[in-house]
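Trainee: What follows is input_29.cif, mmCIF, C-alpha atoms, pLDDT in the B column; chains and numbers go by the auth columns.
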```
data_run
#
loop_
_atom_site.group_PDB
_atom_site.id
_atom_site.type_symbol
_atom_site.label_atom_id
_atom_site.label_comp_id
_atom_site.label_asym_id
_atom_site.label_seq_id
_atom_site.Cartn_x
_atom_site.Cartn_y
_atom_site.Cartn_z
_atom_site.B_iso_or_equiv
_atom_site.auth_seq_id
_atom_site.auth_asym_id
ATOM 1 C CA SER A 1 -34.237 0.140 3.819 85.00 976 A
ATOM 2 C CA ALA A 2 -33.214 0.520 0.150 89.00 977 A
ATOM 3 C CA GLY A 3 -30.517 -2.102 0.555 89.00 978 A
ATOM 4 C CA GLN A 4 -28.827 -0.119 3.335 91.00 979 A
ATOM 5 C CA ARG A 5 -28.664 -2.862 5.914 86.00 980 A
ATOM 6 C CA CYS A 6 -25.995 -5.407 6.700 83.00 981 A
ATOM 7 C CA SER A 7 -28.085 -8.436 5.725 84.00 982 A
ATOM 8 C CA ALA A 8 -29.529 -7.019 2.498 89.00 983 A
ATOM 9 C CA LEU A 9 -29.158 -9.305 -0.523 91.00 984 A
ATOM 10 C CA ARG A 10 -26.309 -8.116 -2.757 93.00 985 A
ATOM 11 C CA ALA A 11 -25.385 -11.190 -4.797 95.00 986 A
ATOM 12 C CA LEU A 12 -27.835 -13.807 -6.058 97.00 987 A
ATOM 13 C CA PHE A 13 -26.442 -17.051 -7.479 97.00 988 A
ATOM 14 C CA LEU A 14 -28.975 -18.677 -9.809 97.00 989 A
ATOM 15 C CA PRO A 15 -28.744 -22.131 -11.402 96.00 990 A
ATOM 16 C CA ASP A 16 -28.680 -21.601 -15.160 95.00 991 A
ATOM 17 C CA THR A 17 -31.765 -23.816 -15.572 96.00 992 A
ATOM 18 C CA ILE A 18 -33.998 -21.281 -13.795 96.00 993 A
ATOM 19 C CA ALA A 19 -32.095 -18.013 -14.241 96.00 994 A
ATOM 20 C CA GLU A 20 -34.107 -16.616 -17.158 96.00 995 A
ATOM 21 C CA ARG A 21 -37.444 -17.227 -15.460 97.00 996 A
ATOM 22 C CA VAL A 22 -36.309 -15.727 -12.155 97.00 997 A
ATOM 23 C CA ILE A 23 -34.928 -12.647 -13.915 97.00 998 A
ATOM 24 C CA GLU A 24 -38.210 -12.251 -15.787 97.00 999 A
ATOM 25 C CA LEU A 25 -40.200 -12.365 -12.545 97.00 1000 A
ATOM 26 C CA LEU A 26 -37.744 -10.098 -10.745 96.00 1001 A
ATOM 27 C CA THR A 27 -37.714 -7.366 -13.365 96.00 1002 A
ATOM 28 C CA GLY A 28 -41.497 -7.455 -13.577 96.00 1003 A
ATOM 29 C CA ALA A 29 -41.782 -7.009 -9.814 96.00 1004 A
ATOM 30 C CA MET A 30 -39.259 -4.154 -9.860 95.00 1005 A
ATOM 31 C CA ARG A 31 -41.358 -2.201 -12.341 95.00 1006 A
ATOM 32 C CA GLU A 32 -44.221 -2.288 -9.842 95.00 1007 A
ATOM 33 C CA LEU A 33 -42.212 -0.767 -6.982 95.00 1008 A
ATOM 34 C CA ALA A 34 -43.262 2.646 -5.725 95.00 1009 A
ATOM 35 C CA ILE A 35 -40.323 4.914 -4.903 96.00 1010 A
ATOM 36 C CA GLY A 36 -40.859 7.810 -2.516 94.00 1011 A
ATOM 37 C CA ALA A 37 -40.882 9.139 1.021 93.00 1012 A
ATOM 38 C CA PRO A 38 -40.817 6.189 3.456 91.00 1013 A
ATOM 39 C CA GLN A 39 -43.321 7.738 5.848 93.00 1014 A
ATOM 40 C CA TYR A 40 -46.045 6.934 3.320 94.00 1015 A
ATOM 41 C CA ILE A 41 -47.082 3.289 3.453 94.00 1016 A
ATOM 42 C CA GLN A 42 -47.763 3.080 -0.276 95.00 1017 A
ATOM 43 C CA ASN A 43 -44.065 3.516 -1.050 95.00 1018 A
ATOM 44 C CA ASP A 44 -41.810 0.475 -1.241 95.00 1019 A
ATOM 45 C CA LEU A 45 -38.407 2.134 -1.591 95.00 1020 A
ATOM 46 C CA GLY A 46 -37.036 5.179 0.169 95.00 1021 A
ATOM 47 C CA PRO A 47 -33.912 7.317 -0.333 95.00 1022 A
ATOM 48 C CA LEU A 48 -30.285 6.652 0.478 95.00 1023 A
ATOM 49 C CA ILE A 49 -29.039 8.123 3.731 94.00 1024 A
ATOM 50 C CA ASP A 50 -26.903 10.957 2.353 94.00 1025 A
ATOM 51 C CA GLU A 51 -25.204 12.379 -0.717 95.00 1026 A
ATOM 52 C CA ALA A 52 -21.984 10.441 -0.142 95.00 1027 A
ATOM 53 C CA ALA A 53 -23.884 7.149 -0.180 95.00 1028 A
ATOM 54 C CA TRP A 54 -25.804 8.171 -3.295 96.00 1029 A
ATOM 55 C CA THR A 55 -22.639 9.182 -5.110 96.00 1030 A
ATOM 56 C CA ARG A 56 -20.871 5.920 -4.275 96.00 1031 A
ATOM 57 C CA VAL A 57 -23.738 3.674 -5.398 96.00 1032 A
ATOM 58 C CA GLN A 58 -24.375 5.748 -8.520 96.00 1033 A
ATOM 59 C CA ALA A 59 -20.705 5.495 -9.490 96.00 1034 A
ATOM 60 C CA HIS A 60 -20.870 1.733 -9.028 96.00 1035 A
ATOM 61 C CA ASN A 61 -23.976 1.488 -11.215 96.00 1036 A
ATOM 62 C CA THR A 62 -22.385 3.654 -13.894 96.00 1037 A
ATOM 63 C CA ARG A 63 -19.271 1.487 -13.972 96.00 1038 A
ATOM 64 C CA LEU A 64 -21.271 -1.729 -14.431 96.00 1039 A
ATOM 65 C CA THR A 65 -23.569 -0.110 -16.993 96.00 1040 A
ATOM 66 C CA GLU A 66 -20.575 0.965 -19.072 96.00 1041 A
ATOM 67 C CA ALA A 67 -19.295 -2.614 -18.825 95.00 1042 A
ATOM 68 C CA ASN A 68 -22.605 -3.864 -20.317 95.00 1043 A
ATOM 69 C CA LYS A 69 -23.573 -5.664 -17.120 95.00 1044 A
ATOM 70 C CA LYS A 70 -26.975 -4.016 -16.646 96.00 1045 A
ATOM 71 C CA ILE A 71 -30.191 -6.036 -16.776 96.00 1046 A
ATOM 72 C CA ILE A 72 -32.544 -3.333 -15.536 95.00 1047 A
ATOM 73 C CA ALA A 73 -32.386 -0.014 -13.693 95.00 1048 A
ATOM 74 C CA ILE A 74 -35.484 1.886 -12.620 95.00 1049 A
ATOM 75 C CA ASP A 75 -35.302 5.632 -13.204 93.00 1050 A
ATOM 76 C CA ALA A 76 -35.864 7.795 -10.118 93.00 1051 A
ATOM 77 C CA SER A 77 -34.605 11.080 -11.557 90.00 1052 A
ATOM 78 C CA THR A 78 -37.988 12.774 -11.054 91.00 1053 A
ATOM 79 C CA LEU A 79 -37.327 12.612 -7.293 92.00 1054 A
ATOM 80 C CA LYS A 80 -33.845 14.167 -7.409 85.00 1055 A
ATOM 81 C CA ASN A 81 -35.031 17.374 -5.730 89.00 1056 A
ATOM 82 C CA GLN A 82 -36.797 15.495 -2.920 91.00 1057 A
ATOM 83 C CA GLY A 83 -33.884 13.526 -1.501 91.00 1058 A
ATOM 84 C CA PHE A 84 -31.131 11.090 -2.372 95.00 1059 A
ATOM 85 C CA TYR A 85 -33.315 8.675 -4.314 95.00 1060 A
ATOM 86 C CA LEU A 86 -31.836 5.988 -6.519 95.00 1061 A
ATOM 87 C CA GLY A 87 -33.936 3.521 -8.457 95.00 1062 A
ATOM 88 C CA PRO A 88 -33.322 -0.202 -7.904 96.00 1063 A
ATOM 89 C CA ALA A 89 -30.964 -1.861 -10.367 96.00 1064 A
ATOM 90 C CA VAL A 90 -29.945 -5.398 -11.310 97.00 1065 A
ATOM 91 C CA PHE A 91 -26.658 -6.325 -12.951 97.00 1066 A
ATOM 92 C CA GLU A 92 -25.363 -9.672 -14.155 97.00 1067 A
ATOM 93 C CA LEU A 93 -21.798 -10.644 -13.313 97.00 1068 A
ATOM 94 C CA SER A 94 -19.813 -13.605 -14.545 96.00 1069 A
ATOM 95 C CA SER A 95 -18.291 -14.092 -11.093 96.00 1070 A
ATOM 96 C CA LEU A 96 -18.552 -12.677 -7.595 95.00 1071 A
ATOM 97 C CA ASP A 97 -14.914 -11.671 -8.036 94.00 1072 A
ATOM 98 C CA GLU A 98 -16.250 -8.716 -10.071 94.00 1073 A
ATOM 99 C CA LEU A 99 -17.779 -7.308 -6.878 92.00 1074 A
ATOM 100 C CA PRO A 100 -14.735 -6.409 -4.747 86.00 1075 A
ATOM 101 C CA GLU A 101 -16.585 -4.319 -2.146 88.00 1076 A
ATOM 102 C CA GLU A 102 -19.912 -4.055 -0.368 88.00 1077 A
ATOM 103 C CA ILE A 103 -22.488 -1.791 -1.984 92.00 1078 A
ATOM 104 C CA PHE A 104 -25.123 -0.455 0.393 94.00 1079 A
ATOM 105 C CA GLY A 105 -27.981 0.469 -1.885 95.00 1080 A
ATOM 106 C CA PRO A 106 -30.856 -0.930 -3.967 96.00 1081 A
ATOM 107 C CA VAL A 107 -28.527 -2.906 -6.220 97.00 1082 A
ATOM 108 C CA LEU A 108 -28.608 -6.644 -6.905 96.00 1083 A
ATOM 109 C CA HIS A 109 -25.890 -8.626 -8.672 97.00 1084 A
ATOM 110 C CA ILE A 110 -26.883 -11.897 -10.350 97.00 1085 A
ATOM 111 C CA ILE A 111 -24.409 -14.673 -11.111 97.00 1086 A
ATOM 112 C CA ARG A 112 -25.492 -17.736 -13.082 97.00 1087 A
ATOM 113 C CA TYR A 113 -23.903 -21.093 -12.420 96.00 1088 A
ATOM 114 C CA ARG A 114 -24.207 -24.719 -13.409 96.00 1089 A
ATOM 115 C CA SER A 115 -25.254 -27.093 -10.639 92.00 1090 A
ATOM 116 C CA ARG A 116 -22.089 -29.134 -11.034 94.00 1091 A
ATOM 117 C CA ASP A 117 -20.062 -25.991 -10.318 96.00 1092 A
ATOM 118 C CA LEU A 118 -21.425 -25.485 -6.797 95.00 1093 A
ATOM 119 C CA ASP A 119 -17.956 -25.877 -5.280 95.00 1094 A
ATOM 120 C CA GLU A 120 -16.711 -22.963 -7.390 96.00 1095 A
ATOM 121 C CA VAL A 121 -19.644 -20.848 -6.211 96.00 1096 A
ATOM 122 C CA LEU A 122 -18.660 -21.532 -2.608 96.00 1097 A
ATOM 123 C CA ALA A 123 -15.033 -20.741 -3.433 96.00 1098 A
ATOM 124 C CA GLN A 124 -16.085 -17.359 -4.829 96.00 1099 A
ATOM 125 C CA ILE A 125 -18.075 -16.597 -1.693 95.00 1100 A
ATOM 126 C CA ASN A 126 -15.243 -17.610 0.599 94.00 1101 A
ATOM 127 C CA ARG A 127 -12.531 -15.671 -1.201 93.00 1102 A
ATOM 128 C CA SER A 128 -14.633 -12.504 -1.279 91.00 1103 A
ATOM 129 C CA GLY A 129 -13.366 -11.806 2.227 87.00 1104 A
ATOM 130 C CA TYR A 130 -16.843 -10.959 3.508 87.00 1105 A
ATOM 131 C CA GLY A 131 -18.910 -13.390 5.532 85.00 1106 A
ATOM 132 C CA LEU A 132 -21.937 -11.994 7.323 86.00 1107 A
ATOM 133 C CA THR A 133 -25.160 -13.476 5.975 89.00 1108 A
ATOM 134 C CA LEU A 134 -25.922 -16.266 3.494 92.00 1109 A
ATOM 135 C CA GLY A 135 -29.340 -17.421 2.371 93.00 1110 A
ATOM 136 C CA ILE A 136 -29.967 -20.808 0.758 94.00 1111 A
ATOM 137 C CA HIS A 137 -33.097 -21.948 -1.068 95.00 1112 A
ATOM 138 C CA SER A 138 -33.097 -25.611 -2.018 94.00 1113 A
ATOM 139 C CA ARG A 139 -35.123 -28.777 -1.547 93.00 1114 A
ATOM 140 C CA ILE A 140 -32.055 -31.001 -1.945 93.00 1115 A
ATOM 141 C CA GLU A 141 -30.740 -32.006 1.462 93.00 1116 A
ATOM 142 C CA SER A 142 -27.250 -32.886 0.204 93.00 1117 A
ATOM 143 C CA THR A 143 -26.913 -29.447 -1.383 93.00 1118 A
ATOM 144 C CA LEU A 144 -27.900 -27.741 1.837 94.00 1119 A
ATOM 145 C CA ARG A 145 -25.413 -29.766 3.857 93.00 1120 A
ATOM 146 C CA THR A 146 -22.593 -29.054 1.412 94.00 1121 A
ATOM 147 C CA ILE A 147 -23.169 -25.307 1.491 95.00 1122 A
ATOM 148 C CA VAL A 148 -23.590 -25.089 5.248 93.00 1123 A
ATOM 149 C CA LYS A 149 -20.401 -27.078 5.770 93.00 1124 A
ATOM 150 C CA GLN A 150 -18.197 -25.138 3.361 94.00 1125 A
ATOM 151 C CA ALA A 151 -19.439 -21.546 3.477 92.00 1126 A
ATOM 152 C CA ARG A 152 -17.425 -19.296 5.791 91.00 1127 A
ATOM 153 C CA VAL A 153 -20.136 -16.944 6.953 88.00 1128 A
ATOM 154 C CA GLY A 154 -21.470 -16.019 10.360 84.00 1129 A
ATOM 155 C CA ASN A 155 -25.205 -16.449 9.693 86.00 1130 A
ATOM 156 C CA ILE A 156 -26.902 -18.938 7.394 89.00 1131 A
ATOM 157 C CA TYR A 157 -30.638 -18.915 6.687 90.00 1132 A
ATOM 158 C CA VAL A 158 -32.172 -21.948 4.977 93.00 1133 A
ATOM 159 C CA ASN A 159 -35.413 -21.611 2.988 94.00 1134 A
ATOM 160 C CA ARG A 160 -36.490 -18.455 4.806 90.00 1135 A
ATOM 161 C CA ASN A 161 -36.038 -14.702 4.974 87.00 1136 A
ATOM 162 C CA MET A 162 -32.420 -13.608 5.504 84.00 1137 A
ATOM 163 C CA ILE A 163 -33.442 -10.896 7.960 79.00 1138 A
ATOM 164 C CA GLY A 164 -34.615 -11.877 11.394 70.00 1139 A
ATOM 165 C CA ALA A 165 -31.978 -12.078 14.150 71.00 1140 A
ATOM 166 C CA VAL A 166 -33.247 -10.320 17.284 71.00 1141 A
ATOM 167 C CA VAL A 167 -30.630 -7.846 18.522 65.00 1142 A
ATOM 168 C CA GLY A 168 -29.515 -8.549 22.078 66.00 1143 A
ATOM 169 C CA VAL A 169 -31.193 -11.957 22.089 67.00 1144 A
ATOM 170 C CA GLN A 170 -29.701 -14.020 19.263 67.00 1145 A
ATOM 171 C CA PRO A 171 -26.009 -14.086 18.331 64.00 1146 A
ATOM 172 C CA PHE A 172 -25.423 -12.206 15.098 73.00 1147 A
ATOM 173 C CA GLY A 173 -21.860 -11.904 13.902 75.00 1148 A
ATOM 174 C CA GLY A 174 -19.855 -12.460 10.767 80.00 1149 A
ATOM 175 C CA GLU A 175 -16.489 -13.682 9.587 80.00 1150 A
ATOM 176 C CA GLY A 176 -13.572 -12.138 7.751 80.00 1151 A
ATOM 177 C CA LEU A 177 -14.018 -8.494 6.774 77.00 1152 A
ATOM 178 C CA SER A 178 -17.571 -8.555 8.104 80.00 1153 A
ATOM 179 C CA GLY A 179 -16.321 -9.010 11.683 70.00 1154 A
ATOM 180 C CA THR A 180 -18.585 -9.730 14.599 61.00 1155 A
ATOM 181 C CA GLY A 181 -20.040 -6.252 14.905 54.00 1156 A
ATOM 182 C CA PHE A 182 -21.758 -4.618 17.837 51.00 1157 A
ATOM 183 C CA LYS A 183 -24.870 -6.731 17.285 55.00 1158 A
ATOM 184 C CA ALA A 184 -23.123 -9.919 18.394 57.00 1159 A
ATOM 185 C CA GLY A 185 -24.246 -10.815 21.882 58.00 1160 A
ATOM 186 C CA GLY A 186 -27.181 -11.897 23.973 59.00 1161 A
ATOM 187 C CA PRO A 187 -27.632 -14.322 26.848 63.00 1162 A
ATOM 188 C CA HIS A 188 -26.716 -17.361 24.738 63.00 1163 A
ATOM 189 C CA TYR A 189 -23.708 -15.824 22.979 63.00 1164 A
ATOM 190 C CA LEU A 190 -21.017 -17.607 25.024 70.00 1165 A
ATOM 191 C CA LEU A 191 -22.564 -21.021 24.448 70.00 1166 A
ATOM 192 C CA ARG A 192 -22.019 -20.678 20.690 65.00 1167 A
ATOM 193 C CA PHE A 193 -18.264 -20.779 21.331 73.00 1168 A
ATOM 194 C CA ALA A 194 -18.239 -23.590 23.855 76.00 1169 A
ATOM 195 C CA THR A 195 -18.867 -27.322 24.176 76.00 1170 A
ATOM 196 C CA GLU A 196 -20.406 -28.631 27.374 72.00 1171 A
ATOM 197 C CA ARG A 197 -18.558 -31.517 29.069 73.00 1172 A
ATOM 198 C CA THR A 198 -19.505 -33.479 32.190 71.00 1173 A
ATOM 199 C CA LEU A 199 -16.609 -34.750 34.311 69.00 1174 A
ATOM 200 C CA SER A 200 -16.790 -37.330 37.091 65.00 1175 A
ATOM 201 C CA VAL A 201 -14.256 -36.491 39.798 63.00 1176 A
ATOM 202 C CA ASN A 202 -13.341 -38.819 42.664 61.00 1177 A
ATOM 203 C CA THR A 203 -13.357 -36.682 45.814 59.00 1178 A
ATOM 204 C CA ALA A 204 -12.258 -38.769 48.766 58.00 1179 A
ATOM 205 C CA ALA A 205 -12.999 -35.912 51.135 53.00 1180 A
ATOM 206 C CA VAL A 206 -16.717 -36.308 50.623 52.00 1181 A
ATOM 207 C CA GLY A 207 -16.580 -40.060 50.124 55.00 1182 A
ATOM 208 C CA GLY A 208 -17.955 -40.241 46.611 56.00 1183 A
ATOM 209 C CA ASN A 209 -18.031 -38.925 43.047 54.00 1184 A
ATOM 210 C CA THR A 210 -18.893 -35.362 42.182 55.00 1185 A
ATOM 211 C CA ALA A 211 -20.164 -34.409 38.722 54.00 1186 A
ATOM 212 C CA LEU A 212 -18.903 -31.119 37.342 53.00 1187 A
ATOM 213 C CA ALA A 213 -20.252 -29.371 34.273 55.00 1188 A
ATOM 214 C CA VAL A 214 -17.647 -27.258 32.504 55.00 1189 A
ATOM 215 C CA LEU A 215 -17.531 -25.245 29.295 53.00 1190 A
ATOM 216 C CA GLN A 216 -14.641 -25.891 26.974 54.00 1191 A
ATOM 217 C CA SER A 217 -13.925 -23.345 24.269 49.00 1192 A
#
```
If you took the structure in this file and wrote it as structure tokens, what would it be?
Mentor:
Amino acid sequence: SAGQRCSALRALFLPDTIAERVIELLTGAMRELAIGAPQYIQNDLGPLIDEAAWTRVQAHNTRLTEANKKIIAIDASTLKNQGFYLGPAVFELSSLDELPEEIFGPVLHIIRYRSRDLDEVLAQINRSGYGLTLGIHSRIESTLRTIVKQARVGNIYVNRNMIGAVVGVQPFGGEGLSGTGFKAGGPHYLLRFATERTLSVNTAAVGGNTALAVLQS
């Protein structure tokens, strides 16, 4: 989807102890990507949807490149006459605050952090204003609990792919500027906003107690 989906990864926070190795692996994998028409299975990355999208993402990439934020950008200029192709790019930011808007394209922004600064990472995420999807990869239970408790996002995936909610079956909504979206819904949607309570009511008319199950929002 070339990063053109709501749950595509846009910002990757990496502990400084592993950042260099992850970037090395990531850039190596990017160089192996095949860019081209998506109807051919050998291609990994297709075009952007239209010229307006291409222009917006390209302007974003140019701005960060001029600010010396670029780690790698794959050239796709040989495909310029075949569609709105844009090679994948990775930039390194000092803070998520440097990314004021959503960018729907093959662009990843990396932010390094020290483990002791996890609270600041969560503060950056929360003040971004967006809150649709968050992915966490960690083997430390306390870290997972801290992030899940503090992050103001609609969907949190732990140690798994960030894409996977089944439309019309599983609730899928966000917070803040992300909103709930048309995908929110499904047969279990209401239960996510309610707490089940069982009440015992003395009904003299029937000579006994009647149990009622109610949903309290």
Trainee: With a distance cut-off of 9 Å and all atoms listed in the file, select the neighbouring residues of segment 1039-1049 of chain A, excluding the residue or stretch itself and same-chain residues fewer than 4 positions from it, and output the selection as a VMD selection string.
Mentor: chain A and resid 998 1002 1005 to 1006 1034 to 1035 1061 to 1068 1082
Trainee: Could you list, as a PyMOL selection string, every residue within 10 Å of Ile1078 of chain A, counting all atoms listed in the file and ignoring same-chain residues fewer than 2 positions away?
Mentor: chain A and resi 978-979+983+985+1028+1031-1032+1035-1036+1074-1076+1080-1083
Trainee: Could you state the separation of atom CA of Ala1126 of chain A and atom CA of Arg980 of chain A in Å, given to one decimal place?
Mentor: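 Separating atom CA of Ala1126 of chain A from atom CA of Arg980 of chain A is a distance of 21.0 Å.
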Trainee: In Å, rounded to a single decimal, give me how far atom CA of Asn1136 of chain A is from atom CA of Ala1051 of chain A.
Mentor: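 Atom CA of Asn1136 of chain A lies at a distance of 27.1 Å from atom CA of Ala1051 of chain A.
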Trainee: Report as a PDB file with C-alpha atoms, in the coordinates of the input the full result of the PyMOL selection byres ((chain A and resi 1131) around 7) when it is applied to this structure.
Mentor:
```pdb
ATOM      1  CA  THR A1108     -25.160 -13.476   5.975  1.00 89.00           C
ATOM      2  CA  LEU A1109     -25.922 -16.266   3.494  1.00 92.00           C
ATOM      3  CA  GLY A1110     -29.340 -17.421   2.371  1.00 93.00           C
ATOM      4  CA  GLY A1129     -21.470 -16.019  10.360  1.00 84.00           C
ATOM      5  CA  ASN A1130     -25.205 -16.449   9.693  1.00 86.00           C
ATOM      6  CA  TYR A1132     -30.638 -18.915   6.687  1.00 90.00           C
ATOM      7  CA  VAL A1133     -32.172 -21.948   4.977  1.00 93.00           C
TER       8      VAL A1133
END
```
Trainee: When the PyMOL selection byres ((chain A and resi 1154) around 9) is applied to the file above, which residues end up in the set, as an MDAnalysis selection string?
Mentor: chainID A and resid 1105:1107 1129 1148:1153 1155:1156
Trainee: With C-alpha atoms retained, export the selected residues as a CSV table (one decimal), in the coordinates of the input.
Mentor:
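File written: result39.csv
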```csv
chain,number,residue,atom,x,y,z
A,1105,TYR,CA,-16.8,-11.0,3.5
A,1106,GLY,CA,-18.9,-13.4,5.5
A,1107,LEU,CA,-21.9,-12.0,7.3
A,1129,GLY,CA,-21.5,-16.0,10.4
A,1148,GLY,CA,-21.9,-11.9,13.9
A,1149,GLY,CA,-19.9,-12.5,10.8
A,1150,GLU,CA,-16.5,-13.7,9.6
A,1151,GLY,CA,-13.6,-12.1,7.8
A,1152,LEU,CA,-14.0,-8.5,6.8
A,1153,SER,CA,-17.6,-8.6,8.1
A,1155,THR,CA,-18.6,-9.7,14.6
A,1156,GLY,CA,-20.0,-6.3,14.9
```
Trainee: Quick one, how far is atom CA of Gly1058 of chain A from atom CA of Pro1022 of chain A?
Mentor: 6.3 Å
Trainee: Using only C-alpha atoms, determine which residues lie at most 12 Å from Arg1091 of chain A, disregarding the query and same-chain residues fewer than 2 positions distant; provide the list as a PyMOL selection string.
Mentor: chain A and resi 990-992+1088-1089+1093-1097+1118
